[in-house]
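Working notes, structure below.
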Amino acid sequence: MPVLNWKHHTLIQALMSRGPLTEDELFNIFADVTGKNPRGNKRELNDYLLKINKELSYVQMEMRCCRNQNDGGVCYGLVNTVPDEQSKLGTKYSVPQIALFKGVIEAIVQDVTALGSISNIDALNIRLENQVQNGTGSEYQEGPSQIPPALRNFSMSQKEKTLDELVRDNWLCHTPDGAIGLGARSYLDLRSWFNSSGIPSCEVCNEAGVKGKVCQNEGCTARIHHHCLEKKISHSRGDIVCPSCGIQWHRGVAKTEVIEEEGDPNGHIQSQLPAGSKRKRLRADTNIPAAAFGCVSSQGSQSGSSRRITRASARLS
């Protein structure tokens, strides 16, 4: 008798055809095919997932769940578990498109304010040559003639189309304020990489704090996911203090602070900020695994020498 039946197959097909599903979406599908509601008792659902993952392990894939740091909701998806060269062959994205995606991730995870997003302008102005290694294993740092034509000729309109495609495929998302953030698929596929790349962990759940609140103490790197902080506040009757340095955290949302940031003399806004820039960046390992682009993935202007941007203040009001 087969280990997996049509009910297991239906769950797998739903994730393959629709992409990442929210917890409610998966629960509804599970209830429809099994006649059992997993909201009251997840044991039945967990048994299904264990059997599915045991079989998927033979093709180096798994059904995974994680929290989407944009809204704190749980999401489920199919991910590739082996970051090798062969996994790159299954992607539908071109080299310039992957370079753009890597640049967006790098800009987001290196932001010490943990906004979890970058502006659309910053995303469009990412230098692709900084994301692709040449034959010697280093980045292209020579003149324009040394940069591959595929990267050099990748136009702004192509970047815009790529960002839209990445949003449709759930690798990226549009935030309420019009910025570019990470989508559910990125949080699923890159979860292990986030946790091992030097990004400070959430002081509550110990997952990488890509998006969250940061400690108001400038010398402290502690951060807490928004949804984790809300839960912590709801269960606390007294003051909230930083788990790392002990400084008091005031209840409420983060303030928005306007700062000046030096830009390129020619008005080009770079994602790779020069040394001495006023905007602090987190040093993290940005060697994104090939599995992130594997078979599962087939499913206004500014100028001048400076610009004004907004960021979440480290102070909590």
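Residue names in the structure tokens use chain letters A, B, ... in the order shown, residue numbers from 1 in each chain, and ligand numbers from 1 in the order shown.
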
### Selection: 10 Å around segment 114-119 of chain A, only C-alpha atoms, excl. self and same-chain fewer than 2 positions, as a VMD selection string
chain A and resid 69 to 70 104 to 105 107 to 112 121 to 124 172 to 175 177 to 182 199 to 200 209 to 214 223 to 225 271 282 309 to 314

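Taking only segment 28-174 of chain A, the residues that DSSP calls strand (DSSP E or B) from the backbone come to A:Met61, A:Glu62, A:Met63, A:Arg64, A:Cys65, A:Cys66, A:Arg67, A:Val74, A:Cys75, A:Tyr76, A:Gly77, A:Leu78, A:Val79, A:Asn80, A:Asp111, A:Ser117, A:Ile118, A:Gln133, A:Glu139, A:Leu172, A:Cys173, A:His174.
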
Write the residues of the preceding selection, restricted to C-alpha atoms, as an mmCIF file, in the first residue's frame.
```
data_model
loop_
_atom_site.group_PDB
_atom_site.id
_atom_site.type_symbol
_atom_site.label_atom_id
_atom_site.label_comp_id
_atom_site.auth_asym_id
_atom_site.auth_seq_id
_atom_site.Cartn_x
_atom_site.Cartn_y
_atom_site.Cartn_z
ATOM 1 C CA MET A 61 12.635 18.915 -0.846
ATOM 2 C CA GLU A 62 10.419 19.468 2.169
ATOM 3 C CA MET A 63 7.167 21.087 3.192
ATOM 4 C CA ARG A 64 8.126 23.825 5.616
ATOM 5 C CA CYS A 65 6.327 26.371 7.765
ATOM 6 C CA CYS A 66 7.587 29.620 9.233
ATOM 7 C CA ARG A 67 6.345 33.013 10.343
ATOM 8 C CA VAL A 74 2.333 31.388 9.760
ATOM 9 C CA CYS A 75 2.862 30.288 6.162
ATOM 10 C CA TYR A 76 3.571 26.923 4.514
ATOM 11 C CA GLY A 77 5.492 26.118 1.348
ATOM 12 C CA LEU A 78 7.663 23.627 -0.548
ATOM 13 C CA VAL A 79 11.384 24.354 -0.477
ATOM 14 C CA ASN A 80 14.554 22.920 -1.949
ATOM 15 C CA ASP A 111 20.032 47.541 7.623
ATOM 16 C CA SER A 117 12.340 46.736 3.375
ATOM 17 C CA ILE A 118 14.017 49.208 1.022
ATOM 18 C CA GLN A 133 31.342 36.933 -9.186
ATOM 19 C CA GLU A 139 33.223 40.726 -7.729
ATOM 20 C CA LEU A 172 9.273 39.971 -2.596
ATOM 21 C CA CYS A 173 6.276 42.057 -1.556
ATOM 22 C CA HIS A 174 5.033 45.625 -1.611
#
```

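Put simply, atom CA of Leu151 of chain A is 6.6 Å away from atom CA of Glu129 of chain A.
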
### Message
Env of Ile52 of chain A: 12 Å cut, atoms = only C-alpha atoms, seq-sep filter 6 positions within chain, self excluded. Answer as number ranges by chain.
### Response
A: 2-13, 45-46, 58-59, 61-64, 78

Residue subset to file, keeping N, CA, C and O atoms, as a short mmCIF file (atom, residue, chain, number, x, y, z; two decimals), in the first residue's frame:
```
data_model
loop_
_atom_site.label_atom_id
_atom_site.label_comp_id
_atom_site.auth_asym_id
_atom_site.auth_seq_id
_atom_site.Cartn_x
_atom_site.Cartn_y
_atom_site.Cartn_z
N PRO A 2 0.63 2.24 -0.88
CA PRO A 2 1.46 3.45 -0.94
C PRO A 2 1.44 4.21 0.38
O PRO A 2 0.42 4.24 1.09
N VAL A 3 2.58 4.80 0.71
CA VAL A 3 2.66 5.58 1.95
C VAL A 3 1.78 6.81 1.86
O VAL A 3 1.10 7.18 2.81
N LEU A 4 1.80 7.46 0.70
CA LEU A 4 1.00 8.66 0.49
C LEU A 4 -0.25 8.34 -0.32
O LEU A 4 -0.18 7.61 -1.31
N ASN A 5 -1.38 8.88 0.10
CA ASN A 5 -2.62 8.68 -0.65
C ASN A 5 -3.03 9.98 -1.34
O ASN A 5 -2.28 10.96 -1.32
N TRP A 6 -4.22 10.01 -1.91
CA TRP A 6 -4.65 11.18 -2.68
C TRP A 6 -4.77 12.43 -1.81
O TRP A 6 -4.63 13.56 -2.31
N LYS A 7 -5.00 12.23 -0.52
CA LYS A 7 -5.11 13.37 0.38
C LYS A 7 -3.75 14.07 0.55
O LYS A 7 -3.66 15.30 0.54
N HIS A 8 -2.71 13.26 0.71
CA HIS A 8 -1.36 13.83 0.77
C HIS A 8 -1.02 14.52 -0.54
O HIS A 8 -0.45 15.61 -0.57
N HIS A 9 -1.37 13.86 -1.65
CA HIS A 9 -1.07 14.42 -2.97
C HIS A 9 -1.77 15.76 -3.17
O HIS A 9 -1.20 16.67 -3.78
N THR A 10 -2.98 15.89 -2.65
CA THR A 10 -3.72 17.14 -2.80
C THR A 10 -3.02 18.29 -2.09
O THR A 10 -2.93 19.41 -2.62
N LEU A 11 -2.51 18.02 -0.90
CA LEU A 11 -1.78 19.06 -0.16
C LEU A 11 -0.53 19.48 -0.92
O LEU A 11 -0.21 20.67 -1.01
N ILE A 12 0.19 18.50 -1.45
CA ILE A 12 1.42 18.81 -2.20
C ILE A 12 1.08 19.60 -3.45
O ILE A 12 1.73 20.61 -3.77
N GLN A 13 0.07 19.18 -4.18
CA GLN A 13 -0.33 19.86 -5.42
C GLN A 13 -0.78 21.29 -5.13
O GLN A 13 -0.51 22.20 -5.93
N LEU A 45 -2.73 16.86 11.36
CA LEU A 45 -2.01 17.61 10.32
C LEU A 45 -0.51 17.33 10.39
O LEU A 45 0.14 17.12 9.36
N ASN A 46 0.03 17.31 11.59
CA ASN A 46 1.47 17.06 11.74
C ASN A 46 1.85 15.67 11.26
O ASN A 46 2.92 15.47 10.68
N TYR A 58 13.51 12.28 -0.53
CA TYR A 58 14.20 11.55 -1.59
C TYR A 58 14.48 12.44 -2.80
O TYR A 58 15.38 12.15 -3.59
N VAL A 59 13.72 13.51 -2.94
CA VAL A 59 13.97 14.46 -4.03
C VAL A 59 14.52 15.77 -3.48
O VAL A 59 14.49 16.81 -4.12
N MET A 61 13.58 17.85 -1.09
CA MET A 61 12.63 18.92 -0.85
C MET A 61 11.89 18.64 0.46
O MET A 61 11.95 17.52 0.99
N GLU A 62 11.23 19.66 0.97
CA GLU A 62 10.42 19.47 2.17
C GLU A 62 9.30 20.50 2.21
O GLU A 62 9.40 21.58 1.62
N MET A 63 8.23 20.15 2.92
CA MET A 63 7.17 21.09 3.19
C MET A 63 7.51 21.77 4.51
O MET A 63 7.68 21.11 5.53
N ARG A 64 7.62 23.08 4.47
CA ARG A 64 8.13 23.82 5.62
C ARG A 64 7.14 24.90 6.02
O ARG A 64 6.39 25.43 5.20
N LEU A 78 6.69 24.65 -0.15
CA LEU A 78 7.66 23.63 -0.55
C LEU A 78 8.99 24.29 -0.84
O LEU A 78 9.04 25.30 -1.56
#
```

### Query
Residues at most 7 Å from Pro96 of chain A, counting only C-alpha atoms, excluding those fewer than 4 positions away in the same chain, as a PyMOL selection string?
chain A and resi 100+128+150-151+154

For the selection you just gave me, I'd like the residues written to a file as a short mmCIF file (atom, residue, chain, number, x, y, z; two decimals), in the first residue's frame, keeping all heavy atoms.
```cif
data_model
loop_
_atom_site.label_atom_id
_atom_site.label_comp_id
_atom_site.auth_asym_id
_atom_site.auth_seq_id
_atom_site.Cartn_x
_atom_site.Cartn_y
_atom_site.Cartn_z
N LEU A 100 19.77 41.03 -9.14
CA LEU A 100 18.93 42.07 -8.57
C LEU A 100 18.28 41.60 -7.28
O LEU A 100 18.24 42.33 -6.28
CB LEU A 100 17.87 42.50 -9.59
CG LEU A 100 16.87 43.57 -9.13
CD1 LEU A 100 17.59 44.87 -8.77
CD2 LEU A 100 15.82 43.82 -10.20
N LEU A 128 24.22 45.65 -10.20
CA LEU A 128 24.17 44.21 -10.40
C LEU A 128 25.56 43.58 -10.39
O LEU A 128 25.73 42.44 -9.96
CB LEU A 128 23.47 43.89 -11.72
CG LEU A 128 22.05 44.42 -11.88
CD1 LEU A 128 21.43 43.89 -13.16
CD2 LEU A 128 21.18 44.06 -10.69
N ALA A 150 25.25 41.12 -20.20
CA ALA A 150 23.93 40.84 -19.63
C ALA A 150 23.63 41.71 -18.42
O ALA A 150 22.48 42.10 -18.18
CB ALA A 150 23.84 39.37 -19.24
N LEU A 151 24.67 42.04 -17.65
CA LEU A 151 24.49 42.90 -16.49
C LEU A 151 24.54 44.37 -16.89
O LEU A 151 23.73 45.17 -16.42
CB LEU A 151 25.58 42.63 -15.44
CG LEU A 151 25.67 41.20 -14.88
CD1 LEU A 151 26.77 41.12 -13.84
CD2 LEU A 151 24.34 40.78 -14.27
N PHE A 154 21.30 45.57 -18.67
CA PHE A 154 20.02 45.33 -17.99
C PHE A 154 19.40 46.67 -17.65
O PHE A 154 19.86 47.38 -16.74
CB PHE A 154 20.24 44.49 -16.73
CG PHE A 154 19.02 43.75 -16.27
CD1 PHE A 154 18.46 42.74 -17.04
CD2 PHE A 154 18.42 44.06 -15.05
CE1 PHE A 154 17.34 42.05 -16.60
CE2 PHE A 154 17.30 43.37 -14.60
CZ PHE A 154 16.75 42.37 -15.40
#
```

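What separates atom CA of Arg185 of chain A from atom CA of Val167 of chain A is a distance of 9.9 Å.
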
### Message
Using Å and a single decimal, report how far atom CA of Pro243 of chain A sits from atom CA of Asn217 of chain A.
### Response
11.9 Å

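The nearest approach to Cys242 of chain A among the residues A:Ser192, A:Gln158, A:Cys215, A:Asn206, with only C-alpha atoms taken into account, belongs to A:Cys215.
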
Hey, could you make a per-residue contact list for segment 177-220 of chain A against segment 14-33 of chain A with 12 Å as the cut-off, showing the nearest pair of atoms and its distance in Å to one decimal, counting only C-alpha atoms, sorted by chain and number, as CSV?
```
residue,atom,partner,partner_atom,distance
A:Gly183,CA,A:Pro20,CA,9.6
A:Ala184,CA,A:Pro20,CA,6.6
A:Arg185,CA,A:Pro20,CA,6.3
A:Ser186,CA,A:Pro20,CA,10.0
A:Tyr187,CA,A:Pro20,CA,10.2
A:Leu188,CA,A:Pro20,CA,8.4
A:Asp189,CA,A:Pro20,CA,10.4
```
